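To start, the structure under review is shown below, and the notes come after it.
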Amino acid sequence: MKKITIFAILSVCAGFFALGAAEPAVSDTGNYESIMLTIWEDSQLYQQDTPTYGVKLGILGCGGASVYGAEGAVIAASSREVCGFKGTLAYTSGEKLSGAALAPVNLVKKVNGVTLAVVNVADEGGIQIGVLNFMKNGFLPCFPIFNFAW
């Protein structure tokens, strides 16, 4: 049990070190938010085009433009790109994750970091820790407990 705990801690730390590799480009228009509060993924058009450099929180869910920092919601954390941490009580989804994700279900296309969930699904990259882990370029396309990019 100690080995599994140490391994999980080291995996999460590796995900946070991946954050240093992905430097966000500052918005060309200079229009961004430090703290964004949302109701649901598509409920506000403003969140679809305005990146967040800080914290994005959703009452039920959040999505849209990129987040450089942390994203959290009760049901769905679905921003297209997250450089940092994303977590929720139901599921996370998105195009790209550089950092760590924690939820019962993680559905992220490209991962540069760690995803912790009961079910992890990714097209490429990263480290997955969970009951079922699906990754197209993984050690195996489907592997329980642990999977990583090959």
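Chain lettering (A, B, ...) mirrors the order of the structure tokens, residue numbering begins at 1 for each chain separately, and ligand numbering begins at 1 in order of display.
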
If we count only C-alpha atoms and set the cut-off at 12 Å, which residues sit around Leu102 of chain A, ignoring sequence neighbours fewer than 2 positions away in its own chain? Please answer as a ChimeraX atom specification. /A:12,15,70-73,76-77,84-93,97,99-100,104-108,113-120,128-130

Might you pull out every residue within 6 Å of Leu60 of chain A, with only C-alpha atoms counted and same-chain residues fewer than 5 positions away left off, and present them as a list in words? Ile39, Trp40, Ala73, Val74 and Ile75 of chain A

What does the file look like for those residues with N, CA, C and O atoms, as a short mmCIF file (atom, residue, chain, number, x, y, z; two decimals), in the first residue's frame?
```cif
data_model
loop_
_atom_site.label_atom_id
_atom_site.label_comp_id
_atom_site.auth_asym_id
_atom_site.auth_seq_id
_atom_site.Cartn_x
_atom_site.Cartn_y
_atom_site.Cartn_z
N ILE A 39 -22.25 29.26 -15.05
CA ILE A 39 -23.38 28.42 -14.63
C ILE A 39 -23.28 27.06 -15.30
O ILE A 39 -23.30 26.04 -14.65
N TRP A 40 -23.17 27.05 -16.62
CA TRP A 40 -23.08 25.81 -17.39
C TRP A 40 -22.13 26.03 -18.56
O TRP A 40 -21.77 27.16 -18.88
N ALA A 73 -15.69 22.42 -11.33
CA ALA A 73 -17.14 22.53 -11.43
C ALA A 73 -17.76 21.33 -10.72
O ALA A 73 -17.06 20.37 -10.39
N VAL A 74 -19.07 21.40 -10.50
CA VAL A 74 -19.75 20.29 -9.84
C VAL A 74 -19.94 19.13 -10.82
O VAL A 74 -19.61 17.99 -10.50
N ILE A 75 -20.43 19.41 -12.04
CA ILE A 75 -20.73 18.32 -12.99
C ILE A 75 -19.68 18.19 -14.09
O ILE A 75 -19.13 17.13 -14.29
#
```

Using the chain letters and numbers from this document, which residues of segment 44-145 of chain A does DSSP assign to alpha helix (DSSP H), as a ChimeraX atom specification? /A:46-49

Preceding selection exported with N, CA, C and O atoms as a PDB file, in the first residue's frame:
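This went into part_39.pdb:
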```pdb
ATOM      1  N   TYR A  46     -19.658  34.789 -23.485  1.00  0.00           N
ATOM      2  CA  TYR A  46     -18.413  35.418 -23.076  1.00  0.00           C
ATOM      3  C   TYR A  46     -17.336  34.389 -22.729  1.00  0.00           C
ATOM      4  O   TYR A  46     -16.176  34.557 -23.062  1.00  0.00           O
ATOM      5  N   GLN A  47     -17.729  33.293 -22.083  1.00  0.00           N
ATOM      6  CA  GLN A  47     -16.744  32.290 -21.678  1.00  0.00           C
ATOM      7  C   GLN A  47     -16.216  31.474 -22.853  1.00  0.00           C
ATOM      8  O   GLN A  47     -15.186  30.819 -22.739  1.00  0.00           O
ATOM      9  N   GLN A  48     -16.884  31.505 -23.996  1.00  0.00           N
ATOM     10  CA  GLN A  48     -16.448  30.744 -25.162  1.00  0.00           C
ATOM     11  C   GLN A  48     -15.210  31.352 -25.816  1.00  0.00           C
ATOM     12  O   GLN A  48     -14.431  30.638 -26.436  1.00  0.00           O
ATOM     13  N   ASP A  49     -15.027  32.670 -25.689  1.00  0.00           N
ATOM     14  CA  ASP A  49     -13.944  33.359 -26.386  1.00  0.00           C
ATOM     15  C   ASP A  49     -12.929  34.013 -25.460  1.00  0.00           C
ATOM     16  O   ASP A  49     -11.923  34.532 -25.937  1.00  0.00           O
TER      17      ASP A  49
END
```

Write out as a list in words the residues lying within 6 Å of Lys109 of chain A, counting only C-alpha atoms and excluding same-chain residues fewer than 6 positions away. Glu95, Ala122 and Asp123 of chain A

How would the residues just chosen look if you wrote them out with N, CA and C atoms as an mmCIF file, in the first residue's frame?
```
data_model
loop_
_atom_site.group_PDB
_atom_site.id
_atom_site.type_symbol
_atom_site.label_atom_id
_atom_site.label_comp_id
_atom_site.auth_asym_id
_atom_site.auth_seq_id
_atom_site.Cartn_x
_atom_site.Cartn_y
_atom_site.Cartn_z
ATOM 1 N N GLU A 95 -9.854 19.299 -25.323
ATOM 2 C CA GLU A 95 -8.927 18.983 -26.406
ATOM 3 C C GLU A 95 -7.520 18.696 -25.879
ATOM 4 N N ALA A 122 -8.122 8.895 -23.491
ATOM 5 C CA ALA A 122 -7.286 9.887 -24.167
ATOM 6 C C ALA A 122 -6.849 9.346 -25.522
ATOM 7 N N ASP A 123 -6.639 10.250 -26.467
ATOM 8 C CA ASP A 123 -6.106 9.833 -27.753
ATOM 9 C C ASP A 123 -4.597 9.629 -27.669
#
```

Can you pull out every residue within 10 Å of Phe148 of chain A, counting only C-alpha atoms, but drop anything in the same chain fewer than 6 positions away, and send it as a PyMOL selection string? chain A and resi 113-114+124-129+133-135+137-141

Residues of segment 60-119 of chain A classed as strand (DSSP E) by DSSP on the backbone are to be reported as a ChimeraX atom specification. /A:61-64,67-73,76-79,81-88,91-102,105-116,119

Could you tell me how far atom CA of Leu57 of chain A sits from atom CA of Lys96 of chain A, in Å to one decimal place?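 Distance between the two atoms: 18.3 Å.
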
Atomic distance atom CA of Gly61 of chain A - atom CA of Asn31 of chain A, expressed in Å with one decimal: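 About the pair atom CA of Gly61 of chain A and atom CA of Asn31 of chain A: they are 22.0 Å apart.
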